[in-house]
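So this one's upload.pdb, PDB, C-alpha atoms:
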```pdb
ATOM      1  CA  MET Q   1      -4.627  -5.316 -16.512
ATOM      2  CA  LYS Q   2      -5.306  -7.292 -13.348
ATOM      3  CA  SER Q   3      -5.190  -5.727  -9.889
ATOM      4  CA  LEU Q   4      -5.766  -6.639  -6.256
ATOM      5  CA  GLU Q   5      -7.329  -4.084  -3.918
ATOM      6  CA  LEU Q   6      -6.451  -4.266  -0.214
ATOM      7  CA  PHE Q   7      -8.106  -2.355   2.661
ATOM      8  CA  THR Q   8     -10.751  -1.343   0.141
ATOM      9  CA  GLY Q   9     -13.080   0.542   2.493
ATOM     10  CA  ALA Q  10     -16.044   1.943   0.580
ATOM     11  CA  GLY Q  11     -14.048   1.775  -2.653
ATOM     12  CA  GLY Q  12     -12.623   5.214  -3.382
ATOM     13  CA  LEU Q  13      -9.189   4.050  -4.516
ATOM     14  CA  ALA Q  14     -10.702   0.967  -6.170
ATOM     15  CA  LEU Q  15     -12.966   3.197  -8.260
ATOM     16  CA  GLY Q  16      -9.968   5.243  -9.350
ATOM     17  CA  THR Q  17      -7.951   2.238 -10.479
ATOM     18  CA  HIS Q  18     -11.061   0.753 -12.104
ATOM     19  CA  LEU Q  19     -11.574   3.933 -14.141
ATOM     20  CA  ALA Q  20      -7.862   3.847 -15.034
ATOM     21  CA  GLY Q  21      -8.439   0.490 -16.748
ATOM     22  CA  PHE Q  22      -7.639  -2.135 -14.115
ATOM     23  CA  GLU Q  23      -9.806  -5.203 -13.561
ATOM     24  CA  HIS Q  24      -9.872  -6.177  -9.888
ATOM     25  CA  VAL Q  25      -9.462  -9.890  -9.231
ATOM     26  CA  SER Q  26     -10.672  -9.209  -5.695
ATOM     27  CA  LEU Q  27     -11.465  -6.378  -3.305
ATOM     28  CA  LEU Q  28     -10.454  -7.314   0.250
ATOM     29  CA  GLU Q  29     -11.986  -5.532   3.215
ATOM     30  CA  TRP Q  30     -12.512  -6.413   6.878
ATOM     31  CA  ASN Q  31     -15.416  -4.094   7.756
ATOM     32  CA  ARG Q  32     -18.846  -5.610   7.111
ATOM     33  CA  ASP Q  33     -20.608  -2.315   6.360
ATOM     34  CA  ALA Q  34     -17.936  -1.350   3.833
ATOM     35  CA  CYS Q  35     -18.302  -4.742   2.134
ATOM     36  CA  GLU Q  36     -22.067  -4.285   1.933
ATOM     37  CA  THR Q  37     -21.528  -0.874   0.339
ATOM     38  CA  LEU Q  38     -19.175  -2.368  -2.243
ATOM     39  CA  ARG Q  39     -21.547  -5.243  -3.015
ATOM     40  CA  HIS Q  40     -24.521  -2.882  -3.316
ATOM     41  CA  ASN Q  41     -22.742  -0.665  -5.838
ATOM     42  CA  SER Q  42     -21.448  -3.703  -7.697
ATOM     43  CA  ALA Q  43     -24.930  -5.236  -7.966
ATOM     44  CA  ALA Q  44     -26.296  -1.909  -9.187
ATOM     45  CA  ASN Q  45     -23.454  -1.660 -11.733
ATOM     46  CA  ALA Q  46     -23.065   1.933 -10.546
ATOM     47  CA  LEU Q  47     -20.282   2.362 -13.110
ATOM     48  CA  PRO Q  48     -19.770   0.146 -16.169
ATOM     49  CA  GLY Q  49     -17.893  -2.983 -15.139
ATOM     50  CA  LEU Q  50     -18.578  -2.804 -11.399
ATOM     51  CA  ASP Q  51     -20.898  -5.769 -11.705
ATOM     52  CA  ARG Q  52     -17.794  -7.925 -12.167
ATOM     53  CA  TRP Q  53     -16.340  -6.935  -8.783
ATOM     54  CA  THR Q  54     -15.601  -9.750  -6.331
ATOM     55  CA  VAL Q  55     -15.760  -8.505  -2.751
ATOM     56  CA  GLU Q  56     -14.211 -10.593   0.024
ATOM     57  CA  GLN Q  57     -14.697  -9.819   3.704
ATOM     58  CA  ALA Q  58     -11.534 -11.073   5.393
ATOM     59  CA  ASP Q  59      -8.932 -10.351   8.033
ATOM     60  CA  ILE Q  60      -5.867  -9.464   5.980
ATOM     61  CA  LYS Q  61      -3.607 -11.304   8.414
ATOM     62  CA  THR Q  62      -5.261 -14.620   7.495
ATOM     63  CA  VAL Q  63      -5.131 -14.110   3.724
ATOM     64  CA  SER Q  64      -2.797 -16.202   1.579
ATOM     65  CA  PHE Q  65      -1.866 -13.969  -1.343
ATOM     66  CA  GLY Q  66      -0.642 -16.800  -3.558
ATOM     67  CA  GLN Q  67      -4.184 -17.329  -4.829
ATOM     68  CA  TYR Q  68      -4.041 -13.946  -6.574
ATOM     69  CA  GLY Q  69      -0.937 -14.663  -8.637
ATOM     70  CA  GLY Q  70      -0.535 -12.783 -11.901
ATOM     71  CA  VAL Q  71      -1.842  -9.390 -10.810
ATOM     72  CA  GLU Q  72       0.014  -6.397 -12.225
ATOM     73  CA  LEU Q  73      -1.089  -3.889  -9.569
ATOM     74  CA  VAL Q  74      -1.552  -4.110  -5.810
ATOM     75  CA  ALA Q  75      -3.289  -1.063  -4.344
ATOM     76  CA  GLY Q  76      -4.597  -0.163  -0.933
ATOM     77  CA  GLY Q  77      -5.244   2.463   1.681
ATOM     78  CA  VAL Q  78      -3.551   0.973   4.730
ATOM     79  CA  PRO Q  79      -5.521   1.805   7.941
ATOM     80  CA  CYS Q  80      -4.615   5.316   9.031
ATOM     81  CA  GLN Q  81      -5.450   5.264  12.753
ATOM     82  CA  PRO Q  82      -1.913   4.368  13.945
ATOM     83  CA  PHE Q  83      -0.447   7.437  12.213
ATOM     84  CA  SER Q  84      -3.330   9.902  12.389
ATOM     85  CA  ILE Q  85      -3.031  13.273  14.117
ATOM     86  CA  GLY Q  86      -5.910  12.126  16.337
ATOM     87  CA  GLY Q  87      -5.825   9.098  18.599
ATOM     88  CA  LYS Q  88      -2.948   7.677  20.610
ATOM     89  CA  HIS Q  89      -0.197   8.002  17.942
ATOM     90  CA  LEU Q  90       1.074   4.462  18.522
ATOM     91  CA  GLY Q  91       2.285   4.105  14.936
ATOM     92  CA  MET Q  92       4.323   0.954  14.389
ATOM     93  CA  ASP Q  93       3.306  -0.316  17.847
ATOM     94  CA  ASP Q  94      -0.418  -0.128  17.046
ATOM     95  CA  ALA Q  95      -2.132  -3.465  16.368
ATOM     96  CA  ARG Q  96      -3.898  -1.767  13.457
ATOM     97  CA  ASN Q  97      -0.624  -1.088  11.648
ATOM     98  CA  MET Q  98      -1.142  -3.093   8.456
ATOM     99  CA  PHE Q  99       1.928  -1.979   6.519
ATOM    100  CA  PRO Q 100       3.576  -5.381   7.232
ATOM    101  CA  ASP Q 101       0.667  -7.118   5.504
ATOM    102  CA  PHE Q 102       0.782  -4.804   2.496
ATOM    103  CA  LEU Q 103       4.490  -5.585   2.251
ATOM    104  CA  ARG Q 104       3.732  -9.295   2.518
ATOM    105  CA  ALA Q 105       1.449  -8.947  -0.512
ATOM    106  CA  ILE Q 106       4.221  -7.256  -2.503
ATOM    107  CA  ARG Q 107       6.731  -9.958  -1.550
ATOM    108  CA  ASP Q 108       4.361 -12.792  -2.428
ATOM    109  CA  LEU Q 109       2.834 -11.389  -5.634
ATOM    110  CA  GLN Q 110       5.720  -9.315  -7.042
ATOM    111  CA  PRO Q 111       3.350  -7.100  -9.069
ATOM    112  CA  LYS Q 112       4.627  -4.768 -11.749
ATOM    113  CA  THR Q 113       3.476  -1.802  -9.699
ATOM    114  CA  PHE Q 114       1.833  -0.813  -6.434
ATOM    115  CA  ILE Q 115      -0.006   2.143  -4.920
ATOM    116  CA  VAL Q 116      -0.385   2.642  -1.182
ATOM    117  CA  GLU Q 117      -1.798   5.696   0.584
ATOM    118  CA  ASN Q 118      -2.019   6.900   4.152
ATOM    119  CA  VAL Q 119      -2.560  10.028   6.227
ATOM    120  CA  LYS Q 120      -0.331  13.088   6.315
ATOM    121  CA  GLY Q 121       0.621  12.174   9.892
ATOM    122  CA  LEU Q 122       2.833   9.404   8.531
ATOM    123  CA  LEU Q 123       5.349  12.130   7.611
ATOM    124  CA  ARG Q 124       5.649  13.473  11.158
ATOM    125  CA  GLN Q 125       9.060  13.664  12.806
ATOM    126  CA  SER Q 126       8.107  10.961  15.317
ATOM    127  CA  PHE Q 127       7.514   8.457  12.497
ATOM    128  CA  ARG Q 128      10.381   9.539  10.227
ATOM    129  CA  ASN Q 129      12.540   6.459  10.807
ATOM    130  CA  TYR Q 130       9.590   4.117  10.410
ATOM    131  CA  PHE Q 131       8.578   5.865   7.181
ATOM    132  CA  SER Q 132      12.118   5.329   5.883
ATOM    133  CA  TYR Q 133      11.744   1.699   6.927
ATOM    134  CA  ILE Q 134       8.532   1.373   4.894
ATOM    135  CA  LEU Q 135      10.143   2.904   1.800
ATOM    136  CA  LEU Q 136      13.233   0.686   1.995
ATOM    137  CA  GLN Q 137      11.130  -2.447   2.436
ATOM    138  CA  LEU Q 138       9.068  -1.488  -0.618
ATOM    139  CA  THR Q 139      12.276  -0.842  -2.562
ATOM    140  CA  HIS Q 140      13.910  -4.145  -1.551
ATOM    141  CA  PRO Q 141      11.099  -6.595  -0.675
ATOM    142  CA  ASP Q 142      13.485  -9.563  -0.891
ATOM    143  CA  ILE Q 143      15.300  -8.387   2.246
ATOM    144  CA  ARG Q 144      12.779  -9.922   4.597
ATOM    145  CA  PRO Q 145      12.644  -9.438   8.355
ATOM    146  CA  LYS Q 146      14.117 -12.335  10.298
ATOM    147  CA  PRO Q 147      12.126 -14.159  12.992
ATOM    148  CA  ASN Q 148      11.961 -12.039  16.153
ATOM    149  CA  GLU Q 149      14.015  -9.269  14.508
ATOM    150  CA  THR Q 150      13.081  -5.751  15.608
ATOM    151  CA  TRP Q 151      12.095  -3.312  12.892
ATOM    152  CA  GLU Q 152      14.999  -1.057  13.921
ATOM    153  CA  PHE Q 153      17.564  -3.799  13.260
ATOM    154  CA  HIS Q 154      15.855  -4.774  10.013
ATOM    155  CA  LEU Q 155      16.067  -1.116   8.981
ATOM    156  CA  LYS Q 156      19.842  -1.197   9.529
ATOM    157  CA  ARG Q 157      20.178  -4.270   7.294
ATOM    158  CA  LEU Q 158      18.080  -2.580   4.617
ATOM    159  CA  GLU Q 159      20.225   0.559   4.813
ATOM    160  CA  ASP Q 160      23.376  -1.552   4.442
ATOM    161  CA  HIS Q 161      21.951  -3.327   1.403
ATOM    162  CA  HIS Q 162      20.671  -0.112  -0.166
ATOM    163  CA  THR Q 163      23.909   1.830   0.227
ATOM    164  CA  LEU Q 164      26.057  -1.091  -0.926
ATOM    165  CA  GLY Q 165      24.668  -0.556  -4.417
ATOM    166  CA  ARG Q 166      24.600  -4.196  -5.551
ATOM    167  CA  HIS Q 167      20.839  -4.579  -5.833
ATOM    168  CA  ASN Q 168      20.280  -8.154  -6.934
ATOM    169  CA  GLY Q 169      16.854  -9.735  -6.697
ATOM    170  CA  LEU Q 170      13.444  -8.105  -6.532
ATOM    171  CA  ARG Q 171      13.613  -4.313  -6.482
ATOM    172  CA  TYR Q 172      11.148  -1.464  -6.984
ATOM    173  CA  ASN Q 173      11.687   2.141  -7.996
ATOM    174  CA  VAL Q 174       9.686   4.011  -5.354
ATOM    175  CA  VAL Q 175       8.467   7.611  -5.136
ATOM    176  CA  PHE Q 176       6.095   9.344  -2.748
ATOM    177  CA  ARG Q 177       4.287  12.643  -2.478
ATOM    178  CA  LEU Q 178       1.807  14.378  -0.184
ATOM    179  CA  LEU Q 179      -1.269  15.201  -2.281
ATOM    180  CA  ASN Q 180      -4.456  17.139  -1.583
ATOM    181  CA  ALA Q 181      -7.603  15.691  -3.159
ATOM    182  CA  ALA Q 182      -8.964  19.232  -3.625
ATOM    183  CA  ASP Q 183      -6.196  19.835  -6.191
ATOM    184  CA  TYR Q 184      -7.551  17.021  -8.363
ATOM    185  CA  GLY Q 185     -11.232  17.861  -8.605
ATOM    186  CA  VAL Q 186     -12.533  16.357  -5.353
ATOM    187  CA  PRO Q 187     -14.697  18.826  -3.363
ATOM    188  CA  GLN Q 188     -12.871  18.100  -0.117
ATOM    189  CA  THR Q 189      -9.610  19.159   1.509
ATOM    190  CA  ARG Q 190      -8.082  15.732   2.053
ATOM    191  CA  GLU Q 191      -4.314  15.395   2.299
ATOM    192  CA  ARG Q 192      -2.846  11.947   1.840
ATOM    193  CA  VAL Q 193       0.618  10.466   1.339
ATOM    194  CA  PHE Q 194       0.773   8.369  -1.832
ATOM    195  CA  ILE Q 195       3.609   5.887  -2.368
ATOM    196  CA  VAL Q 196       3.994   4.441  -5.861
ATOM    197  CA  GLY Q 197       6.487   1.818  -6.980
ATOM    198  CA  PHE Q 198       7.370   0.151 -10.273
ATOM    199  CA  ARG Q 199       9.282  -3.119 -10.459
ATOM    200  CA  SER Q 200      12.766  -2.315 -11.736
ATOM    201  CA  ASP Q 201      12.497  -4.541 -14.803
ATOM    202  CA  VAL Q 202       9.345  -2.800 -16.056
ATOM    203  CA  GLY Q 203      11.265   0.225 -17.333
ATOM    204  CA  VAL Q 204       8.547   2.843 -16.828
ATOM    205  CA  ASP Q 205       9.083   6.601 -16.678
ATOM    206  CA  TRP Q 206       6.414   8.001 -14.369
ATOM    207  CA  HIS Q 207       5.690  11.097 -12.289
ATOM    208  CA  PHE Q 208       2.795  12.288 -10.159
ATOM    209  CA  PRO Q 209       0.142  14.182 -12.141
ATOM    210  CA  GLU Q 210       0.079  17.939 -11.869
ATOM    211  CA  PRO Q 211      -2.862  19.483  -9.953
TER     212      PRO Q 211
END
```
Whole structure, structure tokens version:
Amino acid sequence: MKSLELFTGAGGLALGTHLAGFEHVSLLEWNRDACETLRHNSAANALPGLDRWTVEQADIKTVSFGQYGGVELVAGGVPCQPFSIGGKHLGMDDARNMFPDFLRAIRDLQPKTFIVENVKGLLRQSFRNYFSYILLQLTHPDIRPKPNETWEFHLKRLEDHHTLGRHNGLRYNVVFRLLNAADYGVPQTRERVFIVGFRSDVGVDWHFPEP
């Protein structure tokens, strides 16, 4: 099974999907030190199969996703700073908000499934409407934002389409849950929101694993 890893960081999520049986066609990351970490572990074949990893240092906004056609999974930990409890809490107005680029990957590649994770702060009251906006875009990627359209107006169009019930075109069945890594064997209290979607034609029954 082929996958594309976005916002790879030092590779935590990429290791998980690798161990689950996915072969990464590429691991995209902007930070140089993180890329060096990934390349070091790949060269050392720290786990069987890591020596086949292809690490690309790139600004996600300049990446054309068409070159990765045929992947079945797109996974990534979108930068958390815009939604973190710390910092300036700029959310959707923060230049580091990369959810639009993750969504662009889903629209362009139409994978069978996706995984995206972010900080617990994404669920705060102040970001509730934007979180709904993210979920509806992931559910109906074909309903693209128009040039110069505000996200609030795009949200209204998505709500109209979703409630109408006639869901033609590309559609994903999307679920999310707040998980704590400590409940799954990681020696760290680390709460993260995981959003998982399956393309509607795949016909998969799936639920989050029990702690």
List the residues matched by the PyMOL selection byres ((chain Q and resi 201) around 10) in the displayed structure as a ChimeraX atom specification, ordered by chain and then by residue number.
/Q:112,170-173,198-200,202-204
Find the residues near range 151-157 of chain Q: any atom within 12 Å, counting all atoms listed in the file, skip ones fewer than 2 places away on the same chain, and give them as a ChimeraX atom specification.
/Q:92-93,100,129-138,140-149,159-164
Excluding same-chain residues fewer than 4 positions from Thr17 in chain Q, what lies within 10 Å of it counting all atoms listed in the file, as a PyMOL selection string?
chain Q and resi 3+5+11-13+21-24+73+75+115
So that I have them on file, write out the residues from the current selection with C-alpha atoms, as a PDB file, in the coordinates of the input.
```pdb
ATOM      1  CA  SER Q   3      -5.190  -5.727  -9.889  1.00  0.00           C
ATOM      2  CA  GLU Q   5      -7.329  -4.084  -3.918  1.00  0.00           C
ATOM      3  CA  GLY Q  11     -14.048   1.775  -2.653  1.00  0.00           C
ATOM      4  CA  GLY Q  12     -12.623   5.214  -3.382  1.00  0.00           C
ATOM      5  CA  LEU Q  13      -9.189   4.050  -4.516  1.00  0.00           C
ATOM      6  CA  GLY Q  21      -8.439   0.490 -16.748  1.00  0.00           C
ATOM      7  CA  PHE Q  22      -7.639  -2.135 -14.115  1.00  0.00           C
ATOM      8  CA  GLU Q  23      -9.806  -5.203 -13.561  1.00  0.00           C
ATOM      9  CA  HIS Q  24      -9.872  -6.177  -9.888  1.00  0.00           C
ATOM     10  CA  LEU Q  73      -1.089  -3.889  -9.569  1.00  0.00           C
ATOM     11  CA  ALA Q  75      -3.289  -1.063  -4.344  1.00  0.00           C
ATOM     12  CA  ILE Q 115      -0.006   2.143  -4.920  1.00  0.00           C
TER      13      ILE Q 115
END
```
When the PyMOL selection byres ((chain Q and resi 104-110) around 6) is applied to the structure above, which residues does it catch, written out as JSON, numbers by chain?
{"Q": [69, 101, 102, 103, 111, 141]}
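If you measure from each of Q:Thr150, Q:Thr139, Q:Gly16, Q:Asn118 to Leu178 in chain Q using all atoms listed in the file, the closest one turns out to be Q:Asn118.
Applied to the shown file, the PyMOL selection byres ((chain Q and resi 34) around 10) selects the residues Phe7, Thr8, Gly9, Ala10, Gly11, Glu29, Trp30, Asn31, Arg32, Asp33, Cys35, Glu36, Thr37, Leu38, Arg39, His40, Val55 and Gln57 of chain Q.
Of note, CA of Val78 in chain Q and CA of Val116 in chain Q are spaced 6.9 Å apart.
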Neighbouring residues of Leu50 in chain Q were defined as those with any atom within 9 Å, considering only C-alpha atoms; residues of the same chain fewer than 6 positions away were excluded. Please report them as a PyMOL selection string.
chain Q and resi 15+18+41-44
Coordinates-based distance that separates CA of Ile195 in chain Q from CA of Pro209 in chain Q (Å, one decimal):
13.3 Å
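The gap separating CA of Phe65 in chain Q from CA of Arg192 in chain Q is 26.1 Å, in Å to one decimal.
Closest approach to Phe114 in chain Q among Q:Leu4, Q:Val25, Q:Val196, Q:Ala182 is made by Q:Val196 (distances from only C-alpha atoms).
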